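Below is final-v8.tsv, holding TSV, C-alpha atoms.
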chain	number	residue	atom	x	y	z
A	1	MET	CA	-74.94	-113.98	-94.74
A	2	PHE	CA	-73.34	-113.33	-98.14
A	3	ALA	CA	-69.92	-112.32	-96.85
A	4	LYS	CA	-67.60	-114.95	-95.44
A	5	VAL	CA	-66.04	-113.65	-92.25
A	6	THR	CA	-62.25	-113.80	-92.42
A	7	PRO	CA	-59.53	-111.92	-90.52
A	8	ASP	CA	-58.79	-109.98	-93.71
A	9	LEU	CA	-62.46	-109.00	-94.04
A	10	VAL	CA	-62.53	-107.83	-90.43
A	11	LEU	CA	-59.49	-105.63	-91.02
A	12	ARG	CA	-60.96	-104.20	-94.21
A	13	LEU	CA	-64.29	-103.48	-92.50
A	14	ALA	CA	-62.49	-101.77	-89.62
A	15	ALA	CA	-60.93	-99.40	-92.12
A	16	LEU	CA	-64.35	-98.28	-93.39
A	17	PRO	CA	-66.19	-95.31	-91.88
A	18	ASN	CA	-68.75	-96.30	-89.24
A	19	ALA	CA	-71.81	-95.52	-91.38
A	20	ALA	CA	-70.35	-97.32	-94.43
A	21	ARG	CA	-69.52	-100.38	-92.33
A	22	LEU	CA	-73.04	-100.43	-90.86
A	23	VAL	CA	-74.67	-100.09	-94.31
A	24	TRP	CA	-72.53	-102.87	-95.83
A	25	LEU	CA	-73.19	-105.31	-92.96
A	26	TYR	CA	-76.92	-104.56	-93.02
A	27	ALA	CA	-77.11	-104.94	-96.82
A	28	SER	CA	-75.18	-108.22	-96.62
A	29	SER	CA	-77.61	-109.57	-94.04
A	30	LEU	CA	-80.60	-108.65	-96.22
A	31	SER	CA	-79.07	-109.87	-99.49
A	32	PRO	CA	-77.69	-113.40	-99.05
A	33	PHE	CA	-75.90	-115.07	-101.96
A	34	GLY	CA	-75.28	-111.69	-103.63
A	35	ARG	CA	-78.84	-110.92	-104.74
A	36	TRP	CA	-79.82	-107.42	-105.79
A	37	LEU	CA	-81.57	-105.32	-103.15
A	38	ARG	CA	-83.67	-102.15	-103.42
A	39	ALA	CA	-81.63	-99.22	-102.19
A	40	ASP	CA	-84.57	-97.70	-100.29
A	41	THR	CA	-84.66	-100.84	-98.11
A	42	LEU	CA	-81.76	-99.31	-96.19
A	43	HIS	CA	-84.02	-96.48	-95.00
A	44	THR	CA	-84.99	-98.70	-92.06
A	45	LEU	CA	-81.53	-98.15	-90.56
A	46	PRO	CA	-81.45	-95.79	-87.55
A	47	CYS	CA	-79.52	-93.19	-89.54
A	48	HIS	CA	-80.29	-90.02	-91.39
A	49	ARG	CA	-80.96	-90.69	-95.07
A	50	THR	CA	-78.17	-88.32	-96.09
A	51	THR	CA	-75.75	-90.36	-94.00
A	52	ILE	CA	-77.00	-93.58	-95.63
A	53	TYR	CA	-76.52	-92.22	-99.17
A	54	ARG	CA	-73.04	-90.95	-98.33
A	55	ALA	CA	-72.17	-94.40	-96.99
A	56	ILE	CA	-73.50	-95.99	-100.20
A	57	ALA	CA	-71.37	-93.65	-102.30
A	58	THR	CA	-68.29	-94.51	-100.23
A	59	LEU	CA	-68.91	-98.23	-100.56
A	60	VAL	CA	-69.46	-97.99	-104.32
A	61	ALA	CA	-66.25	-96.00	-104.72
A	62	ARG	CA	-64.26	-98.55	-102.70
A	63	GLY	CA	-65.74	-101.54	-104.47
A	64	TRP	CA	-67.88	-102.86	-101.60
A	65	LEU	CA	-71.22	-102.25	-103.35
A	66	GLU	CA	-72.52	-102.47	-106.88
A	67	LEU	CA	-75.19	-99.89	-107.70
A	68	ARG	CA	-77.59	-100.15	-110.67
A	69	ASP	CA	-80.89	-98.34	-111.30
A	70	GLY	CA	-81.86	-97.98	-107.65
A	71	TYR	CA	-80.73	-101.50	-106.74
A	72	LEU	CA	-77.54	-102.46	-104.96
A	73	ARG	CA	-75.62	-105.62	-104.19
A	74	PRO	CA	-72.95	-106.05	-101.53
A	75	VAL	CA	-69.68	-107.54	-102.74
A	76	GLN	CA	-66.54	-108.60	-100.92
A	77	PRO	CA	-63.31	-107.29	-102.44
A	78	SER	CA	-60.62	-109.95	-102.74
A	79	ALA	CA	-57.57	-109.71	-100.52
A	80	ASP	CA	-55.17	-109.34	-103.44
A	81	LEU	CA	-57.15	-106.58	-105.12
A	82	GLN	CA	-54.87	-103.66	-105.97
A	83	PRO	CA	-56.23	-100.24	-106.88
A	84	THR	CA	-55.26	-99.84	-110.54
A	85	SER	CA	-55.92	-96.77	-112.63
A	86	ALA	CA	-58.68	-98.64	-114.49
A	87	ALA	CA	-60.29	-99.58	-111.20
A	88	LEU	CA	-60.06	-95.99	-110.01
A	89	GLN	CA	-61.67	-94.80	-113.23
A	90	ARG	CA	-64.49	-97.30	-112.83
A	91	SER	CA	-64.96	-96.22	-109.21
A	92	SER	CA	-65.03	-92.57	-110.25
A	93	ALA	CA	-67.57	-93.34	-112.95
A	94	GLN	CA	-69.72	-95.17	-110.39
A	95	LEU	CA	-69.21	-92.42	-107.82
A	96	GLN	CA	-70.59	-89.66	-110.06
A	97	PRO	CA	-74.12	-91.14	-110.41
A	98	ALA	CA	-73.99	-92.08	-106.74
A	99	SER	CA	-73.22	-88.46	-105.84
A	100	ALA	CA	-76.05	-87.29	-108.07
A	101	GLN	CA	-78.37	-89.75	-106.33
A	102	LEU	CA	-77.12	-88.44	-103.00
A	103	GLN	CA	-77.99	-84.86	-103.92
A	104	GLN	CA	-81.37	-85.89	-105.26
A	105	ALA	CA	-82.08	-87.94	-102.12
A	106	SER	CA	-81.06	-85.02	-99.90
A	107	ALA	CA	-83.40	-82.65	-101.73
A	108	GLN	CA	-86.18	-85.22	-101.57
A	109	LEU	CA	-85.53	-85.73	-97.86
A	110	CYS	CA	-85.85	-82.01	-97.16
A	111	SER	CA	-89.10	-81.73	-99.09
A	112	THR	CA	-90.42	-84.95	-97.51
A	113	SER	CA	-89.55	-83.72	-94.02
A	114	GLY	CA	-91.41	-80.47	-94.66
A	115	PHE	CA	-94.38	-82.39	-96.04
A	116	ARG	CA	-94.40	-84.70	-93.04
A	117	ALA	CA	-94.25	-81.79	-90.63
A	118	HIS	CA	-97.14	-80.17	-92.47
A	119	THR	CA	-99.03	-83.46	-92.48
A	120	ASP	CA	-98.39	-84.05	-88.76
A	121	LYS	CA	-99.77	-80.58	-88.02
A	122	GLU	CA	-102.88	-81.28	-90.07
A	123	ILE	CA	-103.34	-84.65	-88.36
A	124	GLU	CA	-103.07	-82.98	-84.95
A	125	GLU	CA	-105.67	-80.38	-85.98
A	126	ILE	CA	-107.98	-83.15	-87.23
A	127	LYS	CA	-107.60	-85.00	-83.93
A	128	GLU	CA	-108.41	-81.86	-81.96
A	129	LYS	CA	-111.49	-81.20	-84.10
A	130	THR	CA	-112.58	-84.83	-83.75
A	131	ASP	CA	-112.22	-84.74	-79.96
A	132	LYS	CA	-114.11	-81.45	-79.84
A	133	ASN	CA	-116.92	-82.87	-81.98
A	134	ARG	CA	-117.13	-85.96	-79.79
A	135	LYS	CA	-117.39	-83.85	-76.64
A	136	GLU	CA	-120.09	-81.71	-78.24
A	137	GLN	CA	-122.00	-84.81	-79.34
A	138	LYS	CA	-121.81	-86.27	-75.82
A	139	GLN	CA	-123.09	-83.01	-74.35
A	140	GLU	CA	-125.92	-82.93	-76.87
A	141	GLN	CA	-126.81	-86.53	-76.07
A	142	LYS	CA	-126.86	-85.76	-72.34
A	143	GLN	CA	-129.09	-82.74	-72.92
A	144	GLU	CA	-131.43	-84.81	-75.09
A	145	GLN	CA	-131.57	-87.52	-72.44
A	146	LYS	CA	-132.38	-84.94	-69.77
A	147	GLN	CA	-135.11	-83.42	-71.94
A	148	GLU	CA	-136.56	-86.87	-72.65
A	149	GLN	CA	-136.48	-87.70	-68.95
A	150	LYS	CA	-138.24	-84.43	-68.09
A	151	GLN	CA	-140.79	-85.09	-70.80
A	152	GLU	CA	-141.40	-88.58	-69.42
A	153	GLU	CA	-141.78	-87.14	-65.92
A	154	ARG	CA	-144.24	-84.53	-67.18
A	155	THR	CA	-146.14	-87.20	-69.07
A	156	GLU	CA	-146.26	-89.45	-66.02
A	157	GLU	CA	-147.37	-86.56	-63.79
A	158	GLN	CA	-150.10	-85.68	-66.29
A	159	LYS	CA	-151.31	-89.29	-66.29
A	160	GLU	CA	-151.46	-89.27	-62.49
A	161	LYS	CA	-153.37	-85.99	-62.55
A	162	ASP	CA	-155.84	-87.31	-65.13
A	163	GLU	CA	-156.38	-90.40	-62.99
A	164	ALA	CA	-157.02	-88.24	-59.88
A	165	ILE	CA	-159.50	-86.06	-61.82
A	166	ARG	CA	-161.36	-89.15	-63.03
A	167	ARG	CA	-161.51	-90.35	-59.43
A	168	LEU	CA	-163.03	-87.02	-58.31
A	169	ARG	CA	-165.53	-87.08	-61.19
A	170	SER	CA	-166.65	-90.52	-60.09
A	171	LEU	CA	-167.29	-89.08	-56.61
A	172	GLY	CA	-169.60	-86.39	-58.06
A	173	VAL	CA	-167.22	-83.39	-58.30
A	174	ARG	CA	-168.05	-81.06	-61.20
A	175	LEU	CA	-165.40	-78.36	-60.83
A	176	ALA	CA	-163.84	-77.15	-64.07
A	177	ASN	CA	-160.47	-75.94	-62.76
A	178	LEU	CA	-159.11	-79.16	-61.27
A	179	ALA	CA	-156.20	-79.35	-63.73
A	180	GLN	CA	-154.45	-76.42	-62.02
A	181	TYR	CA	-153.76	-78.49	-58.89
A	182	THR	CA	-151.12	-81.15	-58.45
A	183	ALA	CA	-152.00	-84.82	-58.70
A	184	GLN	CA	-151.08	-85.36	-55.05
A	185	ARG	CA	-153.42	-82.56	-53.88
A	186	LEU	CA	-156.30	-83.99	-55.91
A	187	VAL	CA	-155.69	-87.45	-54.46
A	188	GLU	CA	-155.82	-86.04	-50.92
A	189	VAL	CA	-159.17	-84.35	-51.61
A	190	ALA	CA	-160.49	-87.57	-53.13
A	191	VAL	CA	-159.56	-89.41	-49.92
A	192	LEU	CA	-161.40	-86.75	-47.90
A	193	LEU	CA	-164.51	-87.16	-50.03
A	194	GLU	CA	-164.40	-90.94	-49.59
A	195	GLU	CA	-164.04	-90.57	-45.82
A	196	ARG	CA	-166.71	-87.87	-45.30
A	197	SER	CA	-169.22	-88.66	-48.10
A	198	PRO	CA	-170.59	-85.04	-48.19
A	199	ARG	CA	-174.00	-84.27	-49.71
A	200	ASP	CA	-172.50	-81.73	-52.11
A	201	PRO	CA	-169.17	-83.16	-53.34
A	202	THR	CA	-168.47	-80.19	-55.61
A	203	SER	CA	-168.80	-77.55	-52.86
A	204	TYR	CA	-166.85	-79.71	-50.42
A	205	CYS	CA	-164.08	-80.23	-52.98
A	206	ARG	CA	-163.87	-76.49	-53.67
A	207	ALA	CA	-163.61	-75.70	-49.95
A	208	ALA	CA	-161.00	-78.43	-49.38
A	209	LEU	CA	-158.83	-77.14	-52.20
A	210	GLU	CA	-159.12	-73.48	-51.17
A	211	ARG	CA	-158.66	-74.06	-47.39
A	212	GLY	CA	-156.01	-76.75	-47.63
A	213	TRP	CA	-157.93	-79.53	-45.94
A	214	ARG	CA	-156.10	-82.82	-45.73
A	215	PRO	CA	-157.11	-86.30	-44.57
A	216	GLU	CA	-156.14	-87.37	-41.08
A	217	ARG	CA	-154.29	-90.47	-42.25
A	218	PRO	CA	-151.31	-90.12	-44.60
A	219	VAL	CA	-152.05	-90.57	-48.27
A	220	ALA	CA	-149.77	-92.44	-50.65
A	221	PRO	CA	-148.39	-90.28	-53.47
A	222	ALA	CA	-150.29	-90.18	-56.72
A	223	GLY	CA	-149.33	-93.04	-58.99
A	224	PHE	CA	-147.76	-95.07	-56.21
A	225	GLY	CA	-150.16	-97.98	-56.60
A	226	LYS	CA	-149.36	-98.57	-60.28
A	227	TRP	CA	-145.65	-98.10	-59.68
A	228	PHE	CA	-145.60	-100.55	-56.79
A	229	ASP	CA	-147.67	-103.19	-58.59
A	230	ALA	CA	-145.43	-103.01	-61.66
A	231	LEU	CA	-142.20	-103.37	-59.67
A	232	ARG	CA	-143.61	-106.08	-57.45
A	233	GLY	CA	-144.44	-108.02	-60.61
A	234	LEU	CA	-140.76	-107.74	-61.54
A	235	GLY	CA	-139.65	-108.93	-58.10
A	236	LEU	CA	-137.97	-105.63	-57.19
A	237	VAL	CA	-140.17	-104.65	-54.21
A	238	ARG	CA	-141.95	-106.74	-51.59
A	239	ALA	CA	-144.05	-104.46	-49.36
A	240	SER	CA	-144.81	-100.87	-48.34
A	241	GLN	CA	-146.00	-99.05	-45.24
A	242	LEU	CA	-146.74	-95.54	-43.98
A	243	VAL	CA	-144.70	-94.44	-40.97
A	244	GLY	CA	-145.99	-91.08	-39.84
A	245	ASP	CA	-146.02	-88.99	-42.99
A	246	ARG	CA	-143.35	-91.07	-44.71
A	247	LEU	CA	-144.02	-93.86	-47.18
A	248	LEU	CA	-141.46	-96.65	-46.99
A	249	VAL	CA	-140.87	-99.42	-49.52
A	250	LEU	CA	-139.33	-102.82	-48.79
A	251	LEU	CA	-136.87	-103.71	-51.54
A	252	ALA	CA	-136.14	-107.23	-52.73
A	253	ASP	CA	-132.83	-107.30	-50.81
A	254	GLY	CA	-134.64	-106.62	-47.50
A	255	ARG	CA	-133.87	-102.92	-47.17
A	256	TRP	CA	-136.55	-100.36	-46.25
A	257	MET	CA	-136.23	-97.16	-48.23
A	258	PRO	CA	-138.32	-93.98	-48.59
A	259	TYR	CA	-140.53	-94.10	-51.68
A	260	ASP	CA	-138.88	-91.05	-53.28
A	261	HIS	CA	-135.43	-92.65	-53.00
A	262	ALA	CA	-136.64	-96.05	-54.13
A	263	LYS	CA	-138.34	-94.55	-57.17
A	264	VAL	CA	-135.13	-92.85	-58.28
A	265	LEU	CA	-133.01	-95.94	-57.58
A	266	LEU	CA	-135.22	-98.48	-59.31
A	267	SER	CA	-136.08	-96.22	-62.21
A	268	ALA	CA	-132.34	-95.89	-63.00
As structure tokens, what does this structure read like?
Amino acid sequence: MFAKVTPDLVLRLAALPNAARLVWLYASSLSPFGRWLRADTLHTLPCHRTTIYRAIATLVARGWLELRDGYLRPVQPSADLQPTSAALQRSSAQLQPASAQLQQASAQLCSTSGFRAHTDKEIEEIKEKTDKNRKEQKQEQKQEQKQEQKQEERTEEQKEKDEAIRRLRSLGVRLANLAQYTAQRLVEVAVLLEERSPRDPTSYCRAALERGWRPERPVAPAGFGKWFDALRGLGLVRASQLVGDRLLVLLADGRWMPYDHAKVLLSA
């Protein structure tokens, strides 16, 4: 620290106003060996800037600080220093520019405070808009994901239906309106045709579709075979069985689960 602590210095510091004493001690700690220090460095003190500039003016007037072109240097008045008229004139001359700097700093502080308040308001509005945009983007992404999932489901259902129609064609069915039925219904009729082997597959198929005929044994859902083979190749399922009208799947961890539930779980 620049100042050497002596009993006389302690007494002189005690006579200073609180803010002036704080500014001088802080400046002395930042400016060892009497080096010049930027005046705005003192803005880090937990005081209002107006208070800091008033303290600087007081210290300059009392001979504790030297002020020059925005720089200051703490000094330690000697114990035998007496306030002469020349010293008072020099202090007054130093006090006038310090007072002018104080007024200028106060005006700048008011304008800066208003600017900061305006800026803080704009920053808050920008944050709100950013959060709103992020929420909207997330909602759009979720909607897009749902649409893609529905499209994939429709595509998969169409593939299963096409496969069932090809199966019926191979059994001799020549109906033109098969696409209006679900893939599962077409698979059930195909199983009936394979079990009964009718002479006229087309007429039998038409009657089965119109009258709701179903095979005696339960039929696995359309597309189950491909799904099961693919997941078994990945080691996710081990076996399957029909229990009444329910199709159960044995998962890799040993749990039996209905096919509908397993499809949702493993597809996720």
Check your understanding: Leaving out A:Pro201 and any residue of its chain fewer than 5 positions from it, which residues lie within 8 Å of it when counting all atoms listed in the file, given as a ChimeraX atom specification?
Key -> /A:171-173,193
Check your understanding: Excluding same-chain residues fewer than 6 positions from A:Arg185, what lies within 12 Å of it counting all atoms listed in the file, as a ChimeraX atom specification?
Key -> /A:160-161,164-165,168,178-179,191-192,205,208-215,219-222
For the residues in that selection, give me C-alpha atoms as a PDB file, in the frame of the given file.
ATOM      1  CA  GLU A 160    -151.460 -89.270 -62.490  1.00  0.00           C
ATOM      2  CA  LYS A 161    -153.370 -85.990 -62.550  1.00  0.00           C
ATOM      3  CA  ALA A 164    -157.020 -88.240 -59.880  1.00  0.00           C
ATOM      4  CA  ILE A 165    -159.500 -86.060 -61.820  1.00  0.00           C
ATOM      5  CA  LEU A 168    -163.030 -87.020 -58.310  1.00  0.00           C
ATOM      6  CA  LEU A 178    -159.110 -79.160 -61.270  1.00  0.00           C
ATOM      7  CA  ALA A 179    -156.200 -79.350 -63.730  1.00  0.00           C
ATOM      8  CA  VAL A 191    -159.560 -89.410 -49.920  1.00  0.00           C
ATOM      9  CA  LEU A 192    -161.400 -86.750 -47.900  1.00  0.00           C
ATOM     10  CA  CYS A 205    -164.080 -80.230 -52.980  1.00  0.00           C
ATOM     11  CA  ALA A 208    -161.000 -78.430 -49.380  1.00  0.00           C
ATOM     12  CA  LEU A 209    -158.830 -77.140 -52.200  1.00  0.00           C
ATOM     13  CA  GLU A 210    -159.120 -73.480 -51.170  1.00  0.00           C
ATOM     14  CA  ARG A 211    -158.660 -74.060 -47.390  1.00  0.00           C
ATOM     15  CA  GLY A 212    -156.010 -76.750 -47.630  1.00  0.00           C
ATOM     16  CA  TRP A 213    -157.930 -79.530 -45.940  1.00  0.00           C
ATOM     17  CA  ARG A 214    -156.100 -82.820 -45.730  1.00  0.00           C
ATOM     18  CA  PRO A 215    -157.110 -86.300 -44.570  1.00  0.00           C
ATOM     19  CA  VAL A 219    -152.050 -90.570 -48.270  1.00  0.00           C
ATOM     20  CA  ALA A 220    -149.770 -92.440 -50.650  1.00  0.00           C
ATOM     21  CA  PRO A 221    -148.390 -90.280 -53.470  1.00  0.00           C
ATOM     22  CA  ALA A 222    -150.290 -90.180 -56.720  1.00  0.00           C
TER      23      ALA A 222
END
**Study point:** Residues near stretch 257-268 of chain A, cut-off 9 Å, only C-alpha atoms, skip fewer than 4 positions along chain, as number ranges by chain
**Key:** A: 221, 224, 227, 231, 236, 240, 246-251
Check your understanding: Of the candidates A:Ser170, A:Gln137, A:Ser31, A:Gln147, which shows the shortest atom-to-atom distance to A:Tyr71, using only C-alpha atoms?
Key ->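 Looking only at the distances to A:Tyr71, the closest residue turns out to be A:Ser31.
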**Study point:** atom CA of A:Thr50 to atom CA of A:Asp69, straight-line distance in Å
**Key:**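 Spanning atom CA of A:Asp69 to atom CA of A:Thr50 is a straight-line distance of 18.4 Å.
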**Study point:** Pick from A:Leu11, A:Ile126, A:Ala20, A:Ala27, whichever lies nearest to A:Thr41 using all atoms listed in the file
**Key:** A:Ala27
Check your understanding: Which residue out of A:Trp256, A:Thr130, A:Arg169, A:Arg21 has the minimum interatomic distance to A:Val243 when only C-alpha atoms are used?
Key -> A:Trp256
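For the pair atom CA of A:Ser203 and atom CA of A:Arg154, the separation is 29.3 Å.
Pairwise distance (atom CA of A:Leu45, atom CA of A:Ser29) equals 12.6 Å.
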**Study point:** Nearby residues (all atoms listed in the file) at most 8 Å from A:Ala19, same-chain spacing under 5 positions excluded, as a list in words
**Key:** Thr51, Ile52 and Ala55 of chain A
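Nearest-residue note for A:Arg206: choosing from A:Lys226, A:Arg174, A:Lys129, A:Lys142, the minimum distance belongs to A:Arg174, counting all atoms listed in the file.
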